[in-house]
Amino acid sequence: MFFAILLWITAFAVAAGFFVKRWWFPPPISRHAMAFDSLFAANLIAGGIIFLAVQLALGFVIFRYRDRGQRATFSTGSTRLEIILISLTAILFLGAVAASSGLWSAVHFTSMQSSDLKIETAGKQFAWSFRYPGPDGKFGKTDVRLINDAAGNPFGIPDDDAAGKDDIATSALRIPAGRPVQLLLHSHDVLHNFFVRELRVKQDLVPGMEIPLRIQADKTGEYEIACSELCGLGHHQMRSVLIVMPAAEFDAWLAQQGKRKQ
Amino acid sequence: MSFLSRYIFSTNHKTIGIQYFVLALTAALLGTALSVLMRLHLTYPEAKIRLFEILWPNAAAGGVMTPELYLSLMTMHGTIMVFFVLTTVPQGGFGNFFLPLQIGAEDMAFPRINMLSFWATALAFLVLCSAFVVEGGAPLAGWTAYPPLSAVGSIAGPGMGKGMTLWVVSIALFCAASLMGAINFITTILEMRTRGMSLFRMPLTCWAWLVTALISLFAFAVLFAAGILLLLDREAGTSFFLPAGLVINDRILDRKGGSPLLWQHLFWFFGHPEVYIAILPGMGVVSTVLSVFSRKPVFGYRAMVWAMLAIGFLGFLVWGHHMFISGMSPYSSLAFSVLTLAIGVPSAVKTFNWLGTILGGRLHLETAMLWALAFVSVFVTGGLSGIALGQPALDMYFHDTYFVVGHFHIIMGVAAVFSILAGTFYWWPKMTGRMLSETLGRVHFYVTFLGVYAVFIPMHFAGIVGNPRRYSDFGQFEFLKDVQGLHKFITHAAFLTAAVQLLFIFNLIWSLYRGKKAGDNPWNATTLEWLPPSHQPHIVVRGAYDYSVPGARRDFLMQNESNGQ
Ligand code: HEM
Ligand SMILES: [Cu+2]
Ligand SMILES: [Cu+2]
């Protein structure tokens, strides 16, 4: 009986923790992030109801049927009940997949536009670098043998490549607000993961692969980029920032960077 | 019989069961101690802690843990808990001891293989622990050992040289041992049942051991192969998991043609079924304990069997949910999502039937029963967060955050441990002839129950904030300032929870000397292990859960009892 009460208290305490939202998501900065928040809220409500219903029912049964000298009823099951339950849960779970697959598709199956700004995003133990194609709109070749962080060449761009000459390499990710951007994710060494909380987006960087990730941020500001795939002893300090600028300001910045390179 | 052949190199299934139990208890203590050290460092990253310095004069010089030391403790903690605790007690421990008794067999089908399997497991544990003391220390790649980090040797960091190799060798040994165990279980269950023990009269524990053995057979075979490939990449210069053009630590590696994702596919093809290997035997125990202590048959016995078979089968089709954001095709993510949620259906069937079992019963709330009831509670809690993580759109935020750490600790760690404790309190009288103290048992139970909720629920909140896992320090990020208070709370709750486990150990030892003597059948249960030892084969005439049968002489009929008049 004591346990029944404890179970109820625990269930309410857990539910309260999710309800007061003292520790919660940061405010969203994109349409995708807002859609994510509603999807999670729907899951939370449905999950919360099931959670409380089952925990309270468990506590109730323990309380109600504790040993008071009564005789246990003899029953071995009910096929009808099982079938009803299987159907209900199947509908519920398939509904959850259906409700959430749209959000996934919007991120991964929206075809990339050739007009999208492309930014190469590279990870290595334990730093981020970003490359913009520069005024010619084309990324130059790279060669791992030429990588030299100290000389400001984190991508290994050869000196004699015309397309590469004007490429801009940075250690913070600047993007224009309100415009879609294509990140082309690369890793030089081990797995890393690009994670910006405010975008609600996460994607691994895998050596040997180029993984495109389309993002769009609508609110200007600075947001932290945290590596979220174990990459070695400095994993916890693999940080950069996403700087979302007003579009005009971004264009001016990019043009100026391009000029400096020429 | 000499001491050696009786207690050490014994082929007796009971002795081997106890050996597994003791090995796993040792591993559990070590794994828990490691988690306490980890929490201590996470909460007070700057503090000079004398204990760290004593344990690791180099890696914790001055009493401050280095990041690599933290990550190596994390790797060892996860590996020890998953392999040497959760895979070992429920099957190797309880299974070996009770399977032959429950089906009325003399012993396991292959007693020598059984002995070999235990000693290979023990050796695997020693090999793993030796990683602590070799140059560079234990590996830091996590229990999942993703390449390239795990495949390139010591240039990837301290511990990634010898320590990582020992890790792979240990896991390969463990796989070999588990394969031997699996063959033994399957053969025993299919071939050695006593007269009248049809499959559908078997206790659900036996069904669970059977399904677990089948899963082990396929899952460990794949992990074994993957481990060999990783070893070749590390030691023989092959490139199964390494693509061209890697530059690590300013060195250009001369490898090409491999894929890091291949390892993830192989690992999780094992890894997801592994969580069922850990939990299915526990489900069998819980079903039995709920029935015994409610004095009611298991509700929907056949549905329970089919649900276990469905879980075992579907368990092999969902590995991709660990890889939604890995770079694998986003189309397959949707397929894996459907299959993942589909596995929720048989899981819900089980939960429903557990509630159905106790509904209308006469509940004796002994400690064993409390653990079984608490299992149902945490299984539901962990299952619900799993539904969220099974949706790729949501996993796109939660992957590798503390939300996942909270989720898998509750569903896999806590639920499985609760079922092990239920089994221990239930079967201890049979294993030792003595009862455990109910008073100590209850105190231990209540503190642990509240403790695990206090430790692992707040981890979900940290995950919602976005806190990545496998960080040795939360000081480098602005947004992590906000979760420091939460982590302090978690750490204190973890200390309390870990400390109260000593009460359990004390209870075990106390009981061996002072515990009340147990009769043959202290819980008035129906299954064959509770019959007095005899040399006559039992003849089974009924199912395993005939409690409170109308018209019977008493409220339980043993499986070999004809009519109970
Ligand atoms: C006192 C109880 C426990 C505490 C306080 C605890 C704490 C922790 C902590 C702090 C981490 C590291 C999280 C990170 O840095 O990402 C961790 C990881 C882990 N724990 Fe536990 N744990 C406990 C019990 C268990 C149990 C019973 C299991 C059995 C399944 C378990 C399995 C794992 C696994 C698999 C990992 C992941 C390791 C990795 O990331 O490679 N833990 N635990
Ligand atoms: Cu990292
Ligand atoms: Cu899984």
# chains A, B, ... in the order shown; residues from 1 in each chain; ligands from 1
$ interface_residues --of "chain A" --to "chain B" --cutoff "7 Å" --atoms "only C-alpha atoms" --output "MDAnalysis selection string"
chainID A and resid 23:26 43 47 51 55 58 61 65:67 70:78 86 89:90 93:94 97 100:101 103:104 108 144 188:190 197 200:204 207:208 211 228:233 235:237
$ residues_around --residues "Ser5 of chain B" --least-positions-apart "6" --cutoff "12 Å" --atoms "only C-alpha atoms" --output "list of chain:residue names"
B:Thr11, B:Asn12, B:Thr15, B:Ile16, B:Arg112, B:Met115
$ write_last_selection --atoms "N, CA and C atoms" --output "PDB file, in the first residue's frame"
ATOM      1  N   THR B  11      31.351 -28.719 -13.895  1.00  0.00           N
ATOM      2  CA  THR B  11      30.452 -28.781 -15.039  1.00  0.00           C
ATOM      3  C   THR B  11      29.004 -28.815 -14.573  1.00  0.00           C
ATOM      4  N   ASN B  12      28.799 -28.635 -13.279  1.00  0.00           N
ATOM      5  CA  ASN B  12      27.442 -28.672 -12.756  1.00  0.00           C
ATOM      6  C   ASN B  12      26.722 -27.355 -13.032  1.00  0.00           C
ATOM      7  N   THR B  15      26.469 -24.860 -10.071  1.00  0.00           N
ATOM      8  CA  THR B  15      27.725 -24.182  -9.743  1.00  0.00           C
ATOM      9  C   THR B  15      28.031 -23.112 -10.787  1.00  0.00           C
ATOM     10  N   ILE B  16      27.842 -23.472 -12.046  1.00  0.00           N
ATOM     11  CA  ILE B  16      28.144 -22.505 -13.103  1.00  0.00           C
ATOM     12  C   ILE B  16      27.220 -21.294 -12.997  1.00  0.00           C
ATOM     13  N   ARG B 112      30.244 -29.545 -20.435  1.00  0.00           N
ATOM     14  CA  ARG B 112      31.614 -29.072 -20.605  1.00  0.00           C
ATOM     15  C   ARG B 112      31.666 -27.761 -21.363  1.00  0.00           C
ATOM     16  N   MET B 115      30.879 -25.067 -19.000  1.00  0.00           N
ATOM     17  CA  MET B 115      32.017 -24.643 -18.189  1.00  0.00           C
ATOM     18  C   MET B 115      32.948 -23.751 -19.015  1.00  0.00           C
TER      19      MET B 115
END
$ residues_around --residues "Ser240 of chain A" --least-positions-apart "5" --cutoff "10 Å" --atoms "only C-alpha atoms" --output "PyMOL selection string"
(chain A and resi 127-129+171-173+194+196+223-227) or (chain B and resi 477)
$ write_last_selection --atoms "N, CA, C and O atoms" --output "PDB file, in the first residue's frame"
ATOM      1  N   ALA A 127      37.949  20.978 -33.982  1.00  0.00           N
ATOM      2  CA  ALA A 127      37.620  22.318 -34.444  1.00  0.00           C
ATOM      3  C   ALA A 127      36.730  22.249 -35.675  1.00  0.00           C
ATOM      4  O   ALA A 127      36.686  21.237 -36.380  1.00  0.00           O
ATOM      5  N   TRP A 128      36.030  23.321 -35.905  1.00  0.00           N
ATOM      6  CA  TRP A 128      35.169  23.448 -37.066  1.00  0.00           C
ATOM      7  C   TRP A 128      35.800  24.420 -38.051  1.00  0.00           C
ATOM      8  O   TRP A 128      36.414  25.399 -37.647  1.00  0.00           O
ATOM      9  N   SER A 129      35.633  24.193 -39.341  1.00  0.00           N
ATOM     10  CA  SER A 129      35.927  25.255 -40.291  1.00  0.00           C
ATOM     11  C   SER A 129      34.867  25.254 -41.382  1.00  0.00           C
ATOM     12  O   SER A 129      34.231  24.231 -41.651  1.00  0.00           O
ATOM     13  N   SER A 171      36.149  30.333 -39.215  1.00  0.00           N
ATOM     14  CA  SER A 171      35.979  29.385 -38.121  1.00  0.00           C
ATOM     15  C   SER A 171      34.614  29.552 -37.447  1.00  0.00           C
ATOM     16  O   SER A 171      34.264  28.785 -36.560  1.00  0.00           O
ATOM     17  N   ALA A 172      33.865  30.568 -37.854  1.00  0.00           N
ATOM     18  CA  ALA A 172      32.478  30.696 -37.398  1.00  0.00           C
ATOM     19  C   ALA A 172      31.591  30.588 -38.632  1.00  0.00           C
ATOM     20  O   ALA A 172      32.025  30.889 -39.737  1.00  0.00           O
ATOM     21  N   LEU A 173      30.362  30.123 -38.406  1.00  0.00           N
ATOM     22  CA  LEU A 173      29.462  29.929 -39.542  1.00  0.00           C
ATOM     23  C   LEU A 173      28.514  31.120 -39.644  1.00  0.00           C
ATOM     24  O   LEU A 173      27.654  31.301 -38.795  1.00  0.00           O
ATOM     25  N   PHE A 194      27.184  17.873 -36.402  1.00  0.00           N
ATOM     26  CA  PHE A 194      26.791  19.279 -36.433  1.00  0.00           C
ATOM     27  C   PHE A 194      25.452  19.429 -35.736  1.00  0.00           C
ATOM     28  O   PHE A 194      24.451  18.859 -36.163  1.00  0.00           O
ATOM     29  N   VAL A 196      22.912  22.368 -33.900  1.00  0.00           N
ATOM     30  CA  VAL A 196      22.541  23.697 -33.412  1.00  0.00           C
ATOM     31  C   VAL A 196      21.172  23.554 -32.773  1.00  0.00           C
ATOM     32  O   VAL A 196      20.193  23.229 -33.443  1.00  0.00           O
ATOM     33  N   TYR A 223      24.380  31.622 -32.176  1.00  0.00           N
ATOM     34  CA  TYR A 223      23.956  30.360 -31.577  1.00  0.00           C
ATOM     35  C   TYR A 223      25.130  29.395 -31.566  1.00  0.00           C
ATOM     36  O   TYR A 223      25.925  29.376 -32.514  1.00  0.00           O
ATOM     37  N   GLU A 224      25.208  28.578 -30.510  1.00  0.00           N
ATOM     38  CA  GLU A 224      26.372  27.701 -30.400  1.00  0.00           C
ATOM     39  C   GLU A 224      26.229  26.445 -31.249  1.00  0.00           C
ATOM     40  O   GLU A 224      25.153  25.856 -31.344  1.00  0.00           O
ATOM     41  N   ILE A 225      27.342  26.042 -31.863  1.00  0.00           N
ATOM     42  CA  ILE A 225      27.405  24.765 -32.588  1.00  0.00           C
ATOM     43  C   ILE A 225      28.164  23.799 -31.704  1.00  0.00           C
ATOM     44  O   ILE A 225      29.296  24.071 -31.315  1.00  0.00           O
ATOM     45  N   ALA A 226      27.529  22.678 -31.382  1.00  0.00           N
ATOM     46  CA  ALA A 226      28.163  21.721 -30.472  1.00  0.00           C
ATOM     47  C   ALA A 226      28.386  20.402 -31.193  1.00  0.00           C
ATOM     48  O   ALA A 226      27.461  19.857 -31.787  1.00  0.00           O
ATOM     49  N   CYS A 227      29.587  19.873 -31.144  1.00  0.00           N
ATOM     50  CA  CYS A 227      29.829  18.546 -31.708  1.00  0.00           C
ATOM     51  C   CYS A 227      29.068  17.525 -30.877  1.00  0.00           C
ATOM     52  O   CYS A 227      29.160  17.510 -29.658  1.00  0.00           O
TER      53      CYS A 227
ATOM     54  N   PHE B 477      30.616  25.423 -22.973  1.00  0.00           N
ATOM     55  CA  PHE B 477      29.475  25.949 -23.719  1.00  0.00           C
ATOM     56  C   PHE B 477      28.630  26.852 -22.831  1.00  0.00           C
ATOM     57  O   PHE B 477      28.354  26.526 -21.676  1.00  0.00           O
TER      58      PHE B 477
END
$ residues_around --residues "segment 492-505 of chain B" --least-positions-apart "4" --cutoff "6 Å" --atoms "only C-alpha atoms" --output "PyMOL selection string"
chain B and resi 448+451+455
$ residues_near_ligand --ligand "ligand 3" --cutoff "8 Å" --atoms "only C-alpha atoms and all ligand atoms" --output "ChimeraX atom specification"
/B:268,271-273,275,315,318-322
$ residues_around --residues "Leu44 of chain A" --least-positions-apart "4" --cutoff "9 Å" --atoms "only C-alpha atoms" --output "ChimeraX atom specification"
/A:18,39-40,48-49 /B:388
$ select_by_dssp --residues "segment 173-311 of chain B" --states "helix (DSSP H, G or I)" --output "VMD selection string"
chain B and resid 173 to 191 199 to 201 204 to 235 260 to 294 301 to 311
$ closest_residue --among "B:Ala416, B:Val447, B:Leu51, B:Ala182" --to "ligand 1" --atoms "only C-alpha atoms and all ligand atoms"
B:Ala416
$ atom_distance --atom1 "atom CA of Tyr426 of chain B" --atom2 "atom CA of Asp520 of chain B"
12.8 Å
$ select_by_dssp --residues "segment 73-128 of chain A" --states "strand (DSSP E or B)" --output "count of residues only"
10
$ residues_around --residues "Ile119 of chain A" --least-positions-apart "6" --cutoff "12 Å" --atoms "only C-alpha atoms" --output "NGL selection string"
:A and (129-134 or 137-139 or 167-170 or 172-176 or 180-186 or 210-215 or 254)
